[in-house]
Amino acid sequence: MTGHLTTQQIEELLIDGADVQTRDHLISCESCRSEWGHLDEMLQLYKSSATLAADSVIAPQPIFVARQSASRGNVPRLKLIFAGAILVGMFLPFFEQHRQHERRAAEIARDNLLLEQVDQAVSEPVPQPLESLRHLVVSEKNTTPAPGISKEKFNENE
Amino acid sequence: MEQAFPLEIINSRADARVLELDDVGELVRVYRTRVFRYALLSLKDRDLAETVTQDCFLKAFNTRNQYRGECSVYTWLIKIAFNLICDHTRTRRFQFWKHASTSFVDLSLLENQLAAQQQSAETSVLAREKLSQVWAVVEQLSARQKSVFLLRFVEEMNVLEIAHATGMKAGTVKIHLHRALGKIRAELGESRA
């Protein structure tokens with residue numbers, strides 16, 4: 001290689017490395033080495049500054065998991081709670097109505113049971129010790145026959 | 001029969017990489033800084049860069065079965081990040097340009113480093129000026145040129161890896177890089193006939 005490296009060749013050197021011929025020329029040519037070196041130095045400085053700038057603002061610890069759980073965990077949970085509250089609000093009146101019906105049915109059943117007990121007690125025959133009182137009450141009430149019934153007929157029935 | 005052995009090796013490597021993807025905690029620990037840096041430099045918005053980084057790892061984990069091992073895990077992650085960044089710059093164009101008008105980098109942070117590298121205060125000041133010019137030029141590059149430039153000169157990926165990550169042809173990547181370098185050289189006044 002007789003002449004100096006072209007702009008294209010120097011850029012190619014930085015982009016994709018150099019072939020043997022270009023490298024040999026770079027070693028022997030002070031001017032080309034200086035130009036390449038200066039540009040390379042600026043790019044290295046740029047890299048250092050970019051790295052430094054990025055590292056200075058980077059968060060101290062990874063927040064990947066925390067953010068993931070915050071963004072994907074809490075929102076659906078809140079939605080579920082909200083939906084649950086709405087459902088409870090919707091079904092609460094029906095539930096309350098159902099409970100009232102049940103309470104009323106239980107009361108009716110209790111009343112029926114009591115009435116049955118009363119009926120049973122009423123239909124039971126009069127105990128032996130009170131049998132005489134029964135005759136007494138009947139005789140006191142019905143000593144006079146009803147109008148239109150003769151006294152003989154009344155006494156027969158008795 | 002001879003081809004069976006290399007294929008087994010290839011498959012076992014791919015399996016090992018898929019296993020690497022299964023451990024999302026380790027994946028984040030190893031690659032998070034680099035993915036975040038690329039996202040931050042591309043978007044210039046810390047919150048957005050963090051969102052992209054997290055989405056990138058989430059997507060990588062969810063689609064880990066699609067990973068065939070034809071590239072490194074890092075290249076695959078950058079490919080996902082590149083697509084996410086493209087989506088964000090498309091949908092949040094307004095915010096992007098609003099943020100692009102101001103630089104988030106404080107070059108005064110580099111003073112010590114520059115002073116240590118340069119021989120005198122004068123050369124240090126000159127280097128700082130030129131560095132700010134480089135930053136300005138990079139910010140003015142198109143989104144694709146900037147992405148390619150960052151992947152080559154900050155992330156130090158080679159042309160084929162960049163081509164794989166961005167879905168461009170290797171020739172297209174080189175054209176983008178030549179144009180970006182041409183603009184930097186023009187700004188620095190170093191063009192050679």
# chains A, B, ... in the order shown; residues from 1 in each chain; ligands from 1

$ interface_residues --of "chain A" --to "chain B" --cutoff "8 Å" --atoms "only C-alpha atoms" --output "list in words"
Thr6, Thr7, Gln8, Glu11, Glu12, Ile15, Asp16, Glu35, Leu39, Met42, Leu43, Gln44, Leu45, Tyr46, Lys47, Ser49, Ala50, Thr51, Ala53, Ala54, Asp55, Val57, Ile58, Pro62 and Phe64 of chain A

$ write_last_selection --atoms "C-alpha atoms" --output "CSV table (one decimal), in the first residue's frame"
chain,number,residue,atom,x,y,z
A,6,THR,CA,-9.0,6.6,2.9
A,7,THR,CA,-11.8,7.7,5.2
A,8,GLN,CA,-13.8,4.6,4.2
A,11,GLU,CA,-14.1,3.7,9.3
A,12,GLU,CA,-14.0,0.1,8.2
A,15,ILE,CA,-16.4,-1.0,12.3
A,16,ASP,CA,-15.3,-4.4,11.4
A,35,GLU,CA,-6.1,9.8,12.6
A,39,LEU,CA,-11.2,8.7,16.3
A,42,MET,CA,-13.1,9.7,20.9
A,43,LEU,CA,-15.3,6.6,20.5
A,44,GLN,CA,-13.7,5.0,23.6
A,45,LEU,CA,-14.4,8.2,25.6
A,46,TYR,CA,-17.9,8.2,24.3
A,47,LYS,CA,-18.3,4.6,25.5
A,49,SER,CA,-19.1,8.5,29.3
A,50,ALA,CA,-22.2,6.5,28.2
A,51,THR,CA,-21.4,3.7,30.5
A,53,ALA,CA,-23.9,8.0,32.7
A,54,ALA,CA,-26.1,4.9,32.5
A,55,ASP,CA,-24.5,3.3,35.6
A,57,VAL,CA,-28.8,6.4,37.0
A,58,ILE,CA,-29.3,2.7,37.2
A,62,PRO,CA,-33.5,-5.2,40.4
A,64,PHE,CA,-38.2,-6.9,38.2

$ select_by_dssp --residues "region 10-139 of chain A" --states "alpha helix (DSSP H)" --output "PyMOL selection string"
chain A and resi 10-16+20-28+30-57+64-69+75-123+131-139

$ atom_distance --atom1 "CA of Ser147 (chain B)" --atom2 "CA of Ile162 (chain B)"
9.2 Å

$ residues_around --residues "Leu77 (chain B)" --least-positions-apart "2" --cutoff "8 Å" --atoms "only C-alpha atoms" --output "list in words"
Val35, Cys56, Phe57, Ala60, Val73, Tyr74, Thr75, Lys79, Ile80 and Ala81 of chain B

$ atom_distance --atom1 "CA of Asn112 (chain A)" --atom2 "CA of Gln100 (chain A)"
18.3 Å

$ atom_distance --atom1 "CA of Arg64 (chain B)" --atom2 "CA of Asp23 (chain B)"
10.6 Å

$ decode --residues "region 136-185 of chain B" --atoms "N, CA and C atoms" --output "PDB file, in the first residue's frame"
ATOM      1  N   ALA B 136     -23.597  15.186  20.915  1.00  0.00           N
ATOM      2  CA  ALA B 136     -24.599  15.955  20.159  1.00  0.00           C
ATOM      3  C   ALA B 136     -24.889  15.280  18.823  1.00  0.00           C
ATOM      4  N   VAL B 137     -23.833  14.811  18.155  1.00  0.00           N
ATOM      5  CA  VAL B 137     -24.031  14.161  16.848  1.00  0.00           C
ATOM      6  C   VAL B 137     -24.826  12.868  17.020  1.00  0.00           C
ATOM      7  N   VAL B 138     -24.472  12.092  18.035  1.00  0.00           N
ATOM      8  CA  VAL B 138     -25.170  10.810  18.252  1.00  0.00           C
ATOM      9  C   VAL B 138     -26.656  11.044  18.529  1.00  0.00           C
ATOM     10  N   GLU B 139     -26.942  12.105  19.270  1.00  0.00           N
ATOM     11  CA  GLU B 139     -28.353  12.406  19.568  1.00  0.00           C
ATOM     12  C   GLU B 139     -29.126  12.800  18.318  1.00  0.00           C
ATOM     13  N   GLN B 140     -28.387  13.318  17.330  1.00  0.00           N
ATOM     14  CA  GLN B 140     -29.074  13.754  16.102  1.00  0.00           C
ATOM     15  C   GLN B 140     -29.223  12.635  15.067  1.00  0.00           C
ATOM     16  N   LEU B 141     -28.617  11.484  15.365  1.00  0.00           N
ATOM     17  CA  LEU B 141     -28.728  10.373  14.420  1.00  0.00           C
ATOM     18  C   LEU B 141     -30.165   9.858  14.391  1.00  0.00           C
ATOM     19  N   SER B 142     -30.524   9.217  13.280  1.00  0.00           N
ATOM     20  CA  SER B 142     -31.857   8.614  13.213  1.00  0.00           C
ATOM     21  C   SER B 142     -31.919   7.457  14.217  1.00  0.00           C
ATOM     22  N   ALA B 143     -33.136   7.043  14.559  1.00  0.00           N
ATOM     23  CA  ALA B 143     -33.310   6.006  15.602  1.00  0.00           C
ATOM     24  C   ALA B 143     -32.529   4.745  15.256  1.00  0.00           C
ATOM     25  N   ARG B 144     -32.583   4.311  14.019  1.00  0.00           N
ATOM     26  CA  ARG B 144     -31.896   3.082  13.618  1.00  0.00           C
ATOM     27  C   ARG B 144     -30.380   3.267  13.637  1.00  0.00           C
ATOM     28  N   GLN B 145     -29.934   4.409  13.118  1.00  0.00           N
ATOM     29  CA  GLN B 145     -28.486   4.679  13.119  1.00  0.00           C
ATOM     30  C   GLN B 145     -27.959   4.730  14.545  1.00  0.00           C
ATOM     31  N   LYS B 146     -28.737   5.349  15.404  1.00  0.00           N
ATOM     32  CA  LYS B 146     -28.313   5.477  16.799  1.00  0.00           C
ATOM     33  C   LYS B 146     -28.246   4.113  17.468  1.00  0.00           C
ATOM     34  N   SER B 147     -29.266   3.308  17.222  1.00  0.00           N
ATOM     35  CA  SER B 147     -29.290   1.961  17.809  1.00  0.00           C
ATOM     36  C   SER B 147     -28.064   1.170  17.367  1.00  0.00           C
ATOM     37  N   VAL B 148     -27.830   1.190  16.092  1.00  0.00           N
ATOM     38  CA  VAL B 148     -26.701   0.437  15.540  1.00  0.00           C
ATOM     39  C   VAL B 148     -25.379   0.966  16.088  1.00  0.00           C
ATOM     40  N   PHE B 149     -25.267   2.276  16.163  1.00  0.00           N
ATOM     41  CA  PHE B 149     -24.051   2.915  16.685  1.00  0.00           C
ATOM     42  C   PHE B 149     -23.815   2.506  18.148  1.00  0.00           C
ATOM     43  N   LEU B 150     -24.881   2.552  18.944  1.00  0.00           N
ATOM     44  CA  LEU B 150     -24.759   2.184  20.364  1.00  0.00           C
ATOM     45  C   LEU B 150     -24.366   0.718  20.523  1.00  0.00           C
ATOM     46  N   LEU B 151     -24.988  -0.116  19.713  1.00  0.00           N
ATOM     47  CA  LEU B 151     -24.685  -1.556  19.824  1.00  0.00           C
ATOM     48  C   LEU B 151     -23.235  -1.845  19.431  1.00  0.00           C
ATOM     49  N   ARG B 152     -22.720  -1.089  18.458  1.00  0.00           N
ATOM     50  CA  ARG B 152     -21.340  -1.350  18.010  1.00  0.00           C
ATOM     51  C   ARG B 152     -20.309  -0.722  18.950  1.00  0.00           C
ATOM     52  N   PHE B 153     -20.511   0.534  19.296  1.00  0.00           N
ATOM     53  CA  PHE B 153     -19.434   1.258  19.996  1.00  0.00           C
ATOM     54  C   PHE B 153     -19.623   1.372  21.513  1.00  0.00           C
ATOM     55  N   VAL B 154     -20.794   1.060  22.011  1.00  0.00           N
ATOM     56  CA  VAL B 154     -20.978   1.037  23.473  1.00  0.00           C
ATOM     57  C   VAL B 154     -21.084  -0.409  23.951  1.00  0.00           C
ATOM     58  N   GLU B 155     -21.935  -1.163  23.290  1.00  0.00           N
ATOM     59  CA  GLU B 155     -22.114  -2.570  23.702  1.00  0.00           C
ATOM     60  C   GLU B 155     -21.074  -3.493  23.071  1.00  0.00           C
ATOM     61  N   GLU B 156     -20.320  -2.968  22.137  1.00  0.00           N
ATOM     62  CA  GLU B 156     -19.220  -3.692  21.479  1.00  0.00           C
ATOM     63  C   GLU B 156     -19.666  -5.016  20.849  1.00  0.00           C
ATOM     64  N   MET B 157     -20.818  -4.976  20.222  1.00  0.00           N
ATOM     65  CA  MET B 157     -21.264  -6.154  19.464  1.00  0.00           C
ATOM     66  C   MET B 157     -20.669  -6.076  18.068  1.00  0.00           C
ATOM     67  N   ASN B 158     -20.435  -7.230  17.446  1.00  0.00           N
ATOM     68  CA  ASN B 158     -19.904  -7.174  16.075  1.00  0.00           C
ATOM     69  C   ASN B 158     -21.054  -7.016  15.071  1.00  0.00           C
ATOM     70  N   VAL B 159     -20.664  -6.796  13.822  1.00  0.00           N
ATOM     71  CA  VAL B 159     -21.665  -6.452  12.795  1.00  0.00           C
ATOM     72  C   VAL B 159     -22.714  -7.551  12.642  1.00  0.00           C
ATOM     73  N   LEU B 160     -22.279  -8.818  12.665  1.00  0.00           N
ATOM     74  CA  LEU B 160     -23.227  -9.927  12.486  1.00  0.00           C
ATOM     75  C   LEU B 160     -24.217 -10.010  13.657  1.00  0.00           C
ATOM     76  N   GLU B 161     -23.709  -9.788  14.855  1.00  0.00           N
ATOM     77  CA  GLU B 161     -24.603  -9.808  16.034  1.00  0.00           C
ATOM     78  C   GLU B 161     -25.626  -8.684  15.942  1.00  0.00           C
ATOM     79  N   ILE B 162     -25.146  -7.510  15.523  1.00  0.00           N
ATOM     80  CA  ILE B 162     -26.074  -6.364  15.385  1.00  0.00           C
ATOM     81  C   ILE B 162     -27.126  -6.676  14.331  1.00  0.00           C
ATOM     82  N   ALA B 163     -26.664  -7.282  13.228  1.00  0.00           N
ATOM     83  CA  ALA B 163     -27.599  -7.631  12.147  1.00  0.00           C
ATOM     84  C   ALA B 163     -28.665  -8.586  12.674  1.00  0.00           C
ATOM     85  N   HIS B 164     -28.234  -9.543  13.474  1.00  0.00           N
ATOM     86  CA  HIS B 164     -29.192 -10.516  14.029  1.00  0.00           C
ATOM     87  C   HIS B 164     -30.157  -9.849  15.001  1.00  0.00           C
ATOM     88  N   ALA B 165     -29.617  -8.966  15.828  1.00  0.00           N
ATOM     89  CA  ALA B 165     -30.454  -8.324  16.850  1.00  0.00           C
ATOM     90  C   ALA B 165     -31.460  -7.355  16.253  1.00  0.00           C
ATOM     91  N   THR B 166     -31.044  -6.674  15.196  1.00  0.00           N
ATOM     92  CA  THR B 166     -31.926  -5.637  14.635  1.00  0.00           C
ATOM     93  C   THR B 166     -32.757  -6.127  13.451  1.00  0.00           C
ATOM     94  N   GLY B 167     -32.427  -7.305  12.959  1.00  0.00           N
ATOM     95  CA  GLY B 167     -33.150  -7.840  11.810  1.00  0.00           C
ATOM     96  C   GLY B 167     -32.727  -7.193  10.501  1.00  0.00           C
ATOM     97  N   MET B 168     -31.606  -6.458  10.528  1.00  0.00           N
ATOM     98  CA  MET B 168     -31.107  -5.835   9.290  1.00  0.00           C
ATOM     99  C   MET B 168     -30.070  -6.760   8.655  1.00  0.00           C
ATOM    100  N   LYS B 169     -29.736  -6.474   7.399  1.00  0.00           N
ATOM    101  CA  LYS B 169     -28.650  -7.207   6.759  1.00  0.00           C
ATOM    102  C   LYS B 169     -27.329  -6.613   7.243  1.00  0.00           C
ATOM    103  N   ALA B 170     -26.283  -7.429   7.207  1.00  0.00           N
ATOM    104  CA  ALA B 170     -24.974  -6.962   7.675  1.00  0.00           C
ATOM    105  C   ALA B 170     -24.513  -5.724   6.898  1.00  0.00           C
ATOM    106  N   GLY B 171     -24.805  -5.729   5.580  1.00  0.00           N
ATOM    107  CA  GLY B 171     -24.424  -4.584   4.740  1.00  0.00           C
ATOM    108  C   GLY B 171     -25.135  -3.308   5.182  1.00  0.00           C
ATOM    109  N   THR B 172     -26.402  -3.455   5.544  1.00  0.00           N
ATOM    110  CA  THR B 172     -27.187  -2.291   5.989  1.00  0.00           C
ATOM    111  C   THR B 172     -26.623  -1.753   7.305  1.00  0.00           C
ATOM    112  N   VAL B 173     -26.252  -2.673   8.182  1.00  0.00           N
ATOM    113  CA  VAL B 173     -25.664  -2.262   9.462  1.00  0.00           C
ATOM    114  C   VAL B 173     -24.382  -1.460   9.192  1.00  0.00           C
ATOM    115  N   LYS B 174     -23.564  -1.954   8.277  1.00  0.00           N
ATOM    116  CA  LYS B 174     -22.300  -1.265   7.973  1.00  0.00           C
ATOM    117  C   LYS B 174     -22.558   0.129   7.389  1.00  0.00           C
ATOM    118  N   ILE B 175     -23.572   0.198   6.538  1.00  0.00           N
ATOM    119  CA  ILE B 175     -23.896   1.512   5.934  1.00  0.00           C
ATOM    120  C   ILE B 175     -24.288   2.503   7.034  1.00  0.00           C
ATOM    121  N   HIS B 176     -25.143   2.039   7.962  1.00  0.00           N
ATOM    122  CA  HIS B 176     -25.563   2.898   9.085  1.00  0.00           C
ATOM    123  C   HIS B 176     -24.345   3.344   9.900  1.00  0.00           C
ATOM    124  N   LEU B 177     -23.444   2.424  10.140  1.00  0.00           N
ATOM    125  CA  LEU B 177     -22.258   2.757  10.955  1.00  0.00           C
ATOM    126  C   LEU B 177     -21.341   3.727  10.220  1.00  0.00           C
ATOM    127  N   HIS B 178     -21.156   3.512   8.919  1.00  0.00           N
ATOM    128  CA  HIS B 178     -20.321   4.438   8.142  1.00  0.00           C
ATOM    129  C   HIS B 178     -20.907   5.850   8.157  1.00  0.00           C
ATOM    130  N   ARG B 179     -22.231   5.907   8.006  1.00  0.00           N
ATOM    131  CA  ARG B 179     -22.885   7.231   8.003  1.00  0.00           C
ATOM    132  C   ARG B 179     -22.735   7.915   9.359  1.00  0.00           C
ATOM    133  N   ALA B 180     -22.930   7.131  10.403  1.00  0.00           N
ATOM    134  CA  ALA B 180     -22.803   7.700  11.760  1.00  0.00           C
ATOM    135  C   ALA B 180     -21.374   8.202  11.991  1.00  0.00           C
ATOM    136  N   LEU B 181     -20.395   7.382  11.617  1.00  0.00           N
ATOM    137  CA  LEU B 181     -18.995   7.799  11.803  1.00  0.00           C
ATOM    138  C   LEU B 181     -18.662   9.003  10.923  1.00  0.00           C
ATOM    139  N   GLY B 182     -19.229   9.019   9.720  1.00  0.00           N
ATOM    140  CA  GLY B 182     -19.009  10.149   8.813  1.00  0.00           C
ATOM    141  C   GLY B 182     -19.500  11.450   9.441  1.00  0.00           C
ATOM    142  N   LYS B 183     -20.651  11.394  10.083  1.00  0.00           N
ATOM    143  CA  LYS B 183     -21.202  12.596  10.724  1.00  0.00           C
ATOM    144  C   LYS B 183     -20.318  13.029  11.894  1.00  0.00           C
ATOM    145  N   ILE B 184     -19.831  12.060  12.640  1.00  0.00           N
ATOM    146  CA  ILE B 184     -18.960  12.399  13.780  1.00  0.00           C
ATOM    147  C   ILE B 184     -17.659  13.019  13.277  1.00  0.00           C
ATOM    148  N   ARG B 185     -17.098  12.428  12.262  1.00  0.00           N
ATOM    149  CA  ARG B 185     -15.841  12.960  11.712  1.00  0.00           C
ATOM    150  C   ARG B 185     -16.057  14.362  11.149  1.00  0.00           C
TER     151      ARG B 185
END
